[in-house]
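Colleague: Below is the structure I would like to discuss, written out as structure tokens.
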Amino acid sequence: MAAPQSTTNGSSPRHKPAALSSTSTAVSSTTTTPLHTPRKEASPSVSHRSSFAENLRAHPSSPRAQRHNSFSGAALTELLMNPPVKTNGEDAARFSGRDWRSVQVHEIIDPAETRFVELDSSIEETTKLLIRSGPPNVILIRESRTTKTPVGWFGYDELNAYLLLVLGLSQPDDSAVQLRERARSGEILQLQEVNDHLGAREEPIMLPHTANLTQAMEMLGGGVHRIVVAKEGTSEAVGILSQLRLVRFFWENHQNFAATERLYGVTLKELELGTKDVLAINGDRPLSDALRLMHDEGISSLPVLDSHNNVVGNISHVDTRLLTDTSAIPLLSSSCIHFISVILSERGVQDGKDSYPVFHVSPFSTLAHTVAKLCATRSHRMWITEMDSPSTSVPPSPGLGYTVVPPFSMQNSSTHTAPAGRPDSARGSDPMVVSGPPFTNPNAGISAAQFQGANLSGRLSGVVSLTDVLNVLARASGLSPGDPEATRRRRRRSSSSSLRRSFAEGTRPSAEIVRGGSMDAGRRSGSMGASGRR
């Protein structure tokens, strides 16, 4: 084998790499040439970063854009006009296939709602029991704990009358002055001392617990608000049947009673249901005017209107529960519209959600829609409103001086002082002023436009009550209920006669009388018909 030849310039010898066999699986160890890695192409994501606008172009469309409405317009209208009824399965089965005339009174009352106080109970503890108990919003009065025979009752009408008496806004008799001074001095008053000075009232009407609903229907459909149910053959009270409880019974079981079922799909206008003459109050009037007006006229609620007759709220005698604390007394001199904000705020705190005025229906609302609202709001009446109209504001109430007189004995409130600018004779023997929560500021001016839902009501044109509903159901069943107008006139005469002296000594609170959508505003100068009462 020949030796390798050297180069002439003396450089290192050059070696040729051995040829690679096509069948070889390895690289010769004598190879010194490095292996080159194949070049990778640049990533598009690195070479070009997409802009936000480019990403949006390819963004998929939202599913909301392709979602169809759950209800058609017709279906939604049907739902509003004929709301579903939440029924108790056990009750539905119990009354299924029965004629409601055969149902006995004791079958639809709750004995647990019958609560008593004694004649020697204090006004303060009676009021606390009334507020704590809830429906039927009345406490029966008995002579002692050894009997269950009622001699009267104490409800929110009586609470309103007591507040007006103690605050000096009414004086039904000579003894009222002495009672007012005793209450202002912090003395605890017993129910038997005050009960006869709260105005003339009707004696409790009683029915035996075995009576059928026909008798109750004729009474309650004639304008009686509640009936005391007694154990048969005795005067022992075992329950209370109110108008609202009877209306709710028919509503929850209407599919079982053919005689009344057909009426629920008929509008108020077709049934000619409701009263055209309505007593109302403007939203910028003081709350004290509303309380006096309800007591003077024997009514349990008032619609609050803006300057264009639009319903912006509702004040009920039940709302007097918010005035039993001394810190809330300044509300009496604030406007009605401001008190509505307090009512809605308090209701929202209790329910955990916002509240809106819902005490209205239209002439074209069905009876079902009306009854559903009455039951849901536990109201005595619904205001009938016409076409929606733009809400306008009520002028803010001016700052008013006020005197705070505790409605109950407040022995521990001596640290408060009375405001200047009022004579001592108008303050009482131990005048007090308290700084309540922010919402009790009587200087706060709140307009109707600030209420969410004020523009959802409309112009006041009438009222429909529980009495009207029960009356039409009774007549449709072939009964002859009493005349509601006669009952209203009798109740109004009792109320007016009990306060005749206070009218002579002071001015009557101003009000508005709405007749079929028109307004007679200003101070009342004459008598008014009984329409629209209770």
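FYI, nothing fancy with the structure tokens labels: chains A, B, ... in order, residues from 1 per chain, ligands from 1 as they appear.
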Extract, using only C-alpha atoms, all DNA, RNA and protein residues at most 9 Å from Pro303 of chain A, discarding same-chain residues fewer than 6 positions from it, and format them as a list in words.
Modeller: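 Once the adjacent positions are removed, what remains is Val278, Leu279, Ala280, Ile281, Asn282, Val311, Val312, Gly313, Asn314, Ile315, Ser316, Phe359, Trp383 and Leu460 of chain A.
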Colleague: Let's see if you can do this: from backbone DSSP, list all alpha helix (DSSP H) residues in segment 186-282 of chain A, as a PyMOL selection string.
Modeller: chain A and resi 191-194+213-220+243-252+258-261+268-271
Colleague: For the selection you just gave me, I'd like the residues written to a file as a compact mmCIF listing (two decimals), in the first residue's frame, keeping N, CA, C and O atoms.
Modeller:
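Everything below was put into again-v3.txt:
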# COMPACT_ATOMS: atom_id res chain seq x y z
N LEU A 191 -105.97 50.31 78.59
CA LEU A 191 -106.87 50.26 77.44
C LEU A 191 -108.29 50.68 77.82
O LEU A 191 -108.97 51.38 77.07
N GLN A 192 -108.76 50.27 79.01
CA GLN A 192 -110.12 50.59 79.41
C GLN A 192 -110.31 52.09 79.66
O GLN A 192 -111.42 52.60 79.59
N GLU A 193 -109.23 52.82 79.91
CA GLU A 193 -109.33 54.26 80.11
C GLU A 193 -109.45 55.02 78.79
O GLU A 193 -110.01 56.11 78.75
N VAL A 194 -108.92 54.43 77.74
CA VAL A 194 -108.83 55.13 76.46
C VAL A 194 -109.86 54.64 75.45
O VAL A 194 -110.34 55.40 74.61
N LEU A 213 -120.73 29.67 54.67
CA LEU A 213 -120.16 30.90 54.11
C LEU A 213 -121.21 31.82 53.50
O LEU A 213 -120.92 32.99 53.24
N THR A 214 -122.42 31.29 53.25
CA THR A 214 -123.47 32.14 52.69
C THR A 214 -123.75 33.32 53.60
O THR A 214 -123.85 34.47 53.16
N GLN A 215 -123.89 33.06 54.90
CA GLN A 215 -124.16 34.13 55.86
C GLN A 215 -123.01 35.12 55.93
O GLN A 215 -123.21 36.33 55.95
N ALA A 216 -121.79 34.60 55.97
CA ALA A 216 -120.62 35.47 56.02
C ALA A 216 -120.49 36.30 54.76
O ALA A 216 -120.14 37.49 54.81
N MET A 217 -120.80 35.70 53.61
CA MET A 217 -120.68 36.39 52.33
C MET A 217 -121.64 37.57 52.26
O MET A 217 -121.29 38.65 51.77
N GLU A 218 -122.86 37.38 52.74
CA GLU A 218 -123.84 38.46 52.69
C GLU A 218 -123.44 39.62 53.60
O GLU A 218 -123.66 40.79 53.28
N MET A 219 -122.82 39.30 54.74
CA MET A 219 -122.37 40.36 55.65
C MET A 219 -121.15 41.09 55.13
O MET A 219 -121.13 42.32 55.02
N LEU A 220 -120.12 40.33 54.78
CA LEU A 220 -118.87 40.95 54.33
C LEU A 220 -119.04 41.61 52.97
O LEU A 220 -118.41 42.64 52.69
N GLN A 243 -112.62 40.35 55.45
CA GLN A 243 -112.92 40.42 54.02
C GLN A 243 -111.77 39.87 53.19
O GLN A 243 -111.99 39.13 52.23
N LEU A 244 -110.55 40.21 53.56
CA LEU A 244 -109.39 39.75 52.78
C LEU A 244 -109.25 38.24 52.83
O LEU A 244 -108.93 37.62 51.82
N ARG A 245 -109.51 37.65 53.98
CA ARG A 245 -109.40 36.18 54.08
C ARG A 245 -110.44 35.50 53.19
O ARG A 245 -110.15 34.49 52.55
N LEU A 246 -111.66 36.05 53.13
CA LEU A 246 -112.69 35.45 52.29
C LEU A 246 -112.37 35.63 50.81
O LEU A 246 -112.57 34.70 50.00
N VAL A 247 -111.88 36.79 50.43
CA VAL A 247 -111.48 37.02 49.03
C VAL A 247 -110.36 36.07 48.64
O VAL A 247 -110.36 35.49 47.54
N ARG A 248 -109.39 35.89 49.55
CA ARG A 248 -108.28 34.98 49.25
C ARG A 248 -108.78 33.54 49.12
O ARG A 248 -108.28 32.77 48.27
N PHE A 249 -109.74 33.14 49.93
CA PHE A 249 -110.29 31.79 49.83
C PHE A 249 -110.90 31.55 48.45
O PHE A 249 -110.66 30.52 47.81
N PHE A 250 -111.70 32.49 47.97
CA PHE A 250 -112.30 32.33 46.64
C PHE A 250 -111.23 32.35 45.55
O PHE A 250 -111.35 31.62 44.55
N TRP A 251 -110.21 33.18 45.71
CA TRP A 251 -109.17 33.28 44.69
C TRP A 251 -108.34 32.00 44.61
O TRP A 251 -108.05 31.49 43.53
N GLU A 252 -107.99 31.45 45.75
CA GLU A 252 -107.14 30.25 45.76
C GLU A 252 -107.91 29.00 45.33
O GLU A 252 -107.29 28.00 44.96
N ALA A 258 -117.78 27.07 40.06
CA ALA A 258 -118.15 27.49 38.72
C ALA A 258 -118.94 28.79 38.72
O ALA A 258 -118.85 29.59 37.79
N ALA A 259 -119.73 29.04 39.76
CA ALA A 259 -120.58 30.22 39.79
C ALA A 259 -119.78 31.51 39.76
O ALA A 259 -120.22 32.53 39.21
N THR A 260 -118.60 31.48 40.36
CA THR A 260 -117.76 32.69 40.42
C THR A 260 -116.57 32.62 39.47
O THR A 260 -115.98 33.65 39.17
N GLU A 261 -116.22 31.44 39.01
CA GLU A 261 -115.02 31.28 38.16
C GLU A 261 -115.11 32.11 36.89
O GLU A 261 -114.12 32.73 36.45
N LEU A 268 -112.95 45.07 34.80
CA LEU A 268 -113.68 45.89 35.75
C LEU A 268 -114.71 46.76 35.05
O LEU A 268 -115.81 46.98 35.58
N LYS A 269 -114.37 47.24 33.87
CA LYS A 269 -115.30 48.09 33.13
C LYS A 269 -116.53 47.30 32.73
O LYS A 269 -117.67 47.80 32.83
N GLU A 270 -116.35 46.07 32.28
CA GLU A 270 -117.49 45.24 31.87
C GLU A 270 -118.35 44.87 33.08
O GLU A 270 -119.57 44.75 32.97
N LEU A 271 -117.72 44.68 34.23
CA LEU A 271 -118.46 44.35 35.44
C LEU A 271 -119.08 45.58 36.10
O LEU A 271 -119.86 45.44 37.05
Colleague: Provide the atom CA of Phe364 of chain A to atom CA of Thr267 of chain A distance in Å, to one decimal place.
Modeller: 5.2 Å
Colleague: Would you kindly return, as a list in words, each protein, DNA or RNA residue with an atom no farther than 9 Å from any atom of Tyr162 of chain A, considering only C-alpha atoms and excluding same-chain residues fewer than 2 positions away?
Modeller: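 Answer for this query is Asp157, Glu158, Leu159, Asn160, Leu164, Leu165, Val166, Leu167, Val194, Asn195, His197, Leu198 and Pro407 of chain A.
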Colleague: Print the selection's residues with N, CA and C atoms to a file, as a PDB file, in the first residue's frame.
Modeller:
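Result file follows (out.pdb):
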ATOM      1  N   ASP A 157    -107.197  51.336  63.014  1.00  0.00           N
ATOM      2  CA  ASP A 157    -108.076  52.502  63.086  1.00  0.00           C
ATOM      3  C   ASP A 157    -108.025  53.107  64.491  1.00  0.00           C
ATOM      4  N   GLU A 158    -108.061  52.242  65.500  1.00  0.00           N
ATOM      5  CA  GLU A 158    -108.005  52.704  66.885  1.00  0.00           C
ATOM      6  C   GLU A 158    -106.630  53.280  67.216  1.00  0.00           C
ATOM      7  N   LEU A 159    -105.572  52.677  66.673  1.00  0.00           N
ATOM      8  CA  LEU A 159    -104.230  53.215  66.901  1.00  0.00           C
ATOM      9  C   LEU A 159    -104.097  54.610  66.304  1.00  0.00           C
ATOM     10  N   ASN A 160    -104.625  54.790  65.101  1.00  0.00           N
ATOM     11  CA  ASN A 160    -104.597  56.111  64.464  1.00  0.00           C
ATOM     12  C   ASN A 160    -105.372  57.124  65.299  1.00  0.00           C
ATOM     13  N   LEU A 164    -103.811  60.558  67.138  1.00  0.00           N
ATOM     14  CA  LEU A 164    -104.376  61.886  66.907  1.00  0.00           C
ATOM     15  C   LEU A 164    -104.813  62.533  68.217  1.00  0.00           C
ATOM     16  N   LEU A 165    -105.368  61.725  69.118  1.00  0.00           N
ATOM     17  CA  LEU A 165    -105.808  62.256  70.406  1.00  0.00           C
ATOM     18  C   LEU A 165    -104.620  62.760  71.218  1.00  0.00           C
ATOM     19  N   VAL A 166    -103.583  61.948  71.355  1.00  0.00           N
ATOM     20  CA  VAL A 166    -102.432  62.309  72.181  1.00  0.00           C
ATOM     21  C   VAL A 166    -101.662  63.477  71.584  1.00  0.00           C
ATOM     22  N   LEU A 167    -101.613  63.548  70.264  1.00  0.00           N
ATOM     23  CA  LEU A 167    -100.873  64.624  69.612  1.00  0.00           C
ATOM     24  C   LEU A 167    -101.679  65.917  69.522  1.00  0.00           C
ATOM     25  N   VAL A 194    -108.925  54.427  77.739  1.00  0.00           N
ATOM     26  CA  VAL A 194    -108.834  55.132  76.458  1.00  0.00           C
ATOM     27  C   VAL A 194    -109.862  54.642  75.454  1.00  0.00           C
ATOM     28  N   ASN A 195    -110.251  53.385  75.570  1.00  0.00           N
ATOM     29  CA  ASN A 195    -111.023  52.736  74.513  1.00  0.00           C
ATOM     30  C   ASN A 195    -112.313  53.458  74.161  1.00  0.00           C
ATOM     31  N   HIS A 197    -112.828  56.597  74.203  1.00  0.00           N
ATOM     32  CA  HIS A 197    -112.575  57.958  73.730  1.00  0.00           C
ATOM     33  C   HIS A 197    -111.907  57.976  72.355  1.00  0.00           C
ATOM     34  N   LEU A 198    -111.989  56.866  71.652  1.00  0.00           N
ATOM     35  CA  LEU A 198    -111.356  56.773  70.337  1.00  0.00           C
ATOM     36  C   LEU A 198    -112.361  56.900  69.207  1.00  0.00           C
ATOM     37  N   PRO A 407     -96.282  59.356  71.924  1.00  0.00           N
ATOM     38  CA  PRO A 407     -97.584  58.703  71.965  1.00  0.00           C
ATOM     39  C   PRO A 407     -97.715  57.750  73.125  1.00  0.00           C
TER      40      PRO A 407
END
Colleague: Please list as a list in words every residue within 7 Å of Leu140 of chain A, counting only C-alpha atoms and excluding residues in the same chain fewer than 3 positions away.
Modeller: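 Near Leu140 of chain A, the qualifying residues are Arg115, Phe116, Val117, Pro150, Gly152, Trp153 and Phe154 of chain A.
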Colleague: Deliver the residues from the most recent selection as a file, using C-alpha atoms, as a tab-separated table (two decimals), in the first residue's frame.
Modeller:
chain	number	residue	atom	x	y	z
A	115	ARG	CA	-105.23	37.16	69.96
A	116	PHE	CA	-106.51	38.77	73.13
A	117	VAL	CA	-105.64	41.60	75.48
A	150	PRO	CA	-114.76	39.78	73.30
A	152	GLY	CA	-114.38	45.04	71.60
A	153	TRP	CA	-111.24	45.13	69.49
A	154	PHE	CA	-108.18	47.27	68.92
Colleague: To one decimal place in Å, what is the distance between atom CA of Val361 of chain A and atom CA of Ser341 of chain A?
Modeller: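 Computing it gives 21.0 Å between the two atoms.
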Colleague: I'd like the interatomic distance between atom CA of Pro208 of chain A and atom CA of Thr126 of chain A, to a tenth of an Å.
Modeller: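 That distance, rounded to one decimal, is 26.5 Å.
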Colleague: Would you kindly return, as a PyMOL selection string, each protein, DNA or RNA residue with an atom no farther than 7 Å from any atom of Ile227 of chain A, considering only C-alpha atoms and excluding same-chain residues fewer than 6 positions away?
Modeller: chain A and resi 204-207+240-242
Colleague: Pull the strand (DSSP E) assignments for segment 199-343 of chain A out of DSSP run on the backbone, and list those residues as number ranges by chain.
Modeller: A: 206-208, 226-230, 237-242, 277-282, 301-305, 311-316
Colleague: Return the single residue from A:Asn212, A:Thr234, A:Arg381, A:Glu124 that is closest to Leu189 of chain A, with distances computed using only C-alpha atoms.
Modeller: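 Under the stated criterion, the closest residue is A:Glu124.
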Colleague: Might you pull out every residue within 8 Å of Ser144 of chain A, with only C-alpha atoms counted and same-chain residues fewer than 2 positions away left off, and present them as a VMD selection string?
Modeller: chain A and resid 118 to 119 142 146 to 147
Colleague: Please dump the current selection as a tab-separated table (two decimals), in the first residue's frame; keep C-alpha atoms.
Modeller:
chain	number	residue	atom	x	y	z
A	118	GLU	CA	-107.40	42.50	78.72
A	119	LEU	CA	-109.10	45.77	79.59
A	142	ARG	CA	-111.75	40.76	76.85
A	146	THR	CA	-110.56	33.76	82.40
A	147	THR	CA	-112.87	34.48	79.46
Colleague: Can you tell me, as a PyMOL selection string, what residues are no more than 9 Å from Asp99 of chain A when counting only C-alpha atoms, ignoring any on the same chain fewer than 4 positions away?
Modeller: chain A and resi 95+103+256-258
Colleague: Those selected residues, please, written with C-alpha atoms and delivered as a PDB file, in the first residue's frame.
Modeller:
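Wrote part.pdb, looks like this:
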ATOM      1  CA  PHE A  95    -112.719  21.882  48.625  1.00  0.00           C
ATOM      2  CA  VAL A 103    -118.318  25.271  53.420  1.00  0.00           C
ATOM      3  CA  ASN A 256    -113.662  24.667  42.146  1.00  0.00           C
ATOM      4  CA  PHE A 257    -116.532  27.158  42.126  1.00  0.00           C
ATOM      5  CA  ALA A 258    -118.155  27.486  38.717  1.00  0.00           C
TER       6      ALA A 258
END
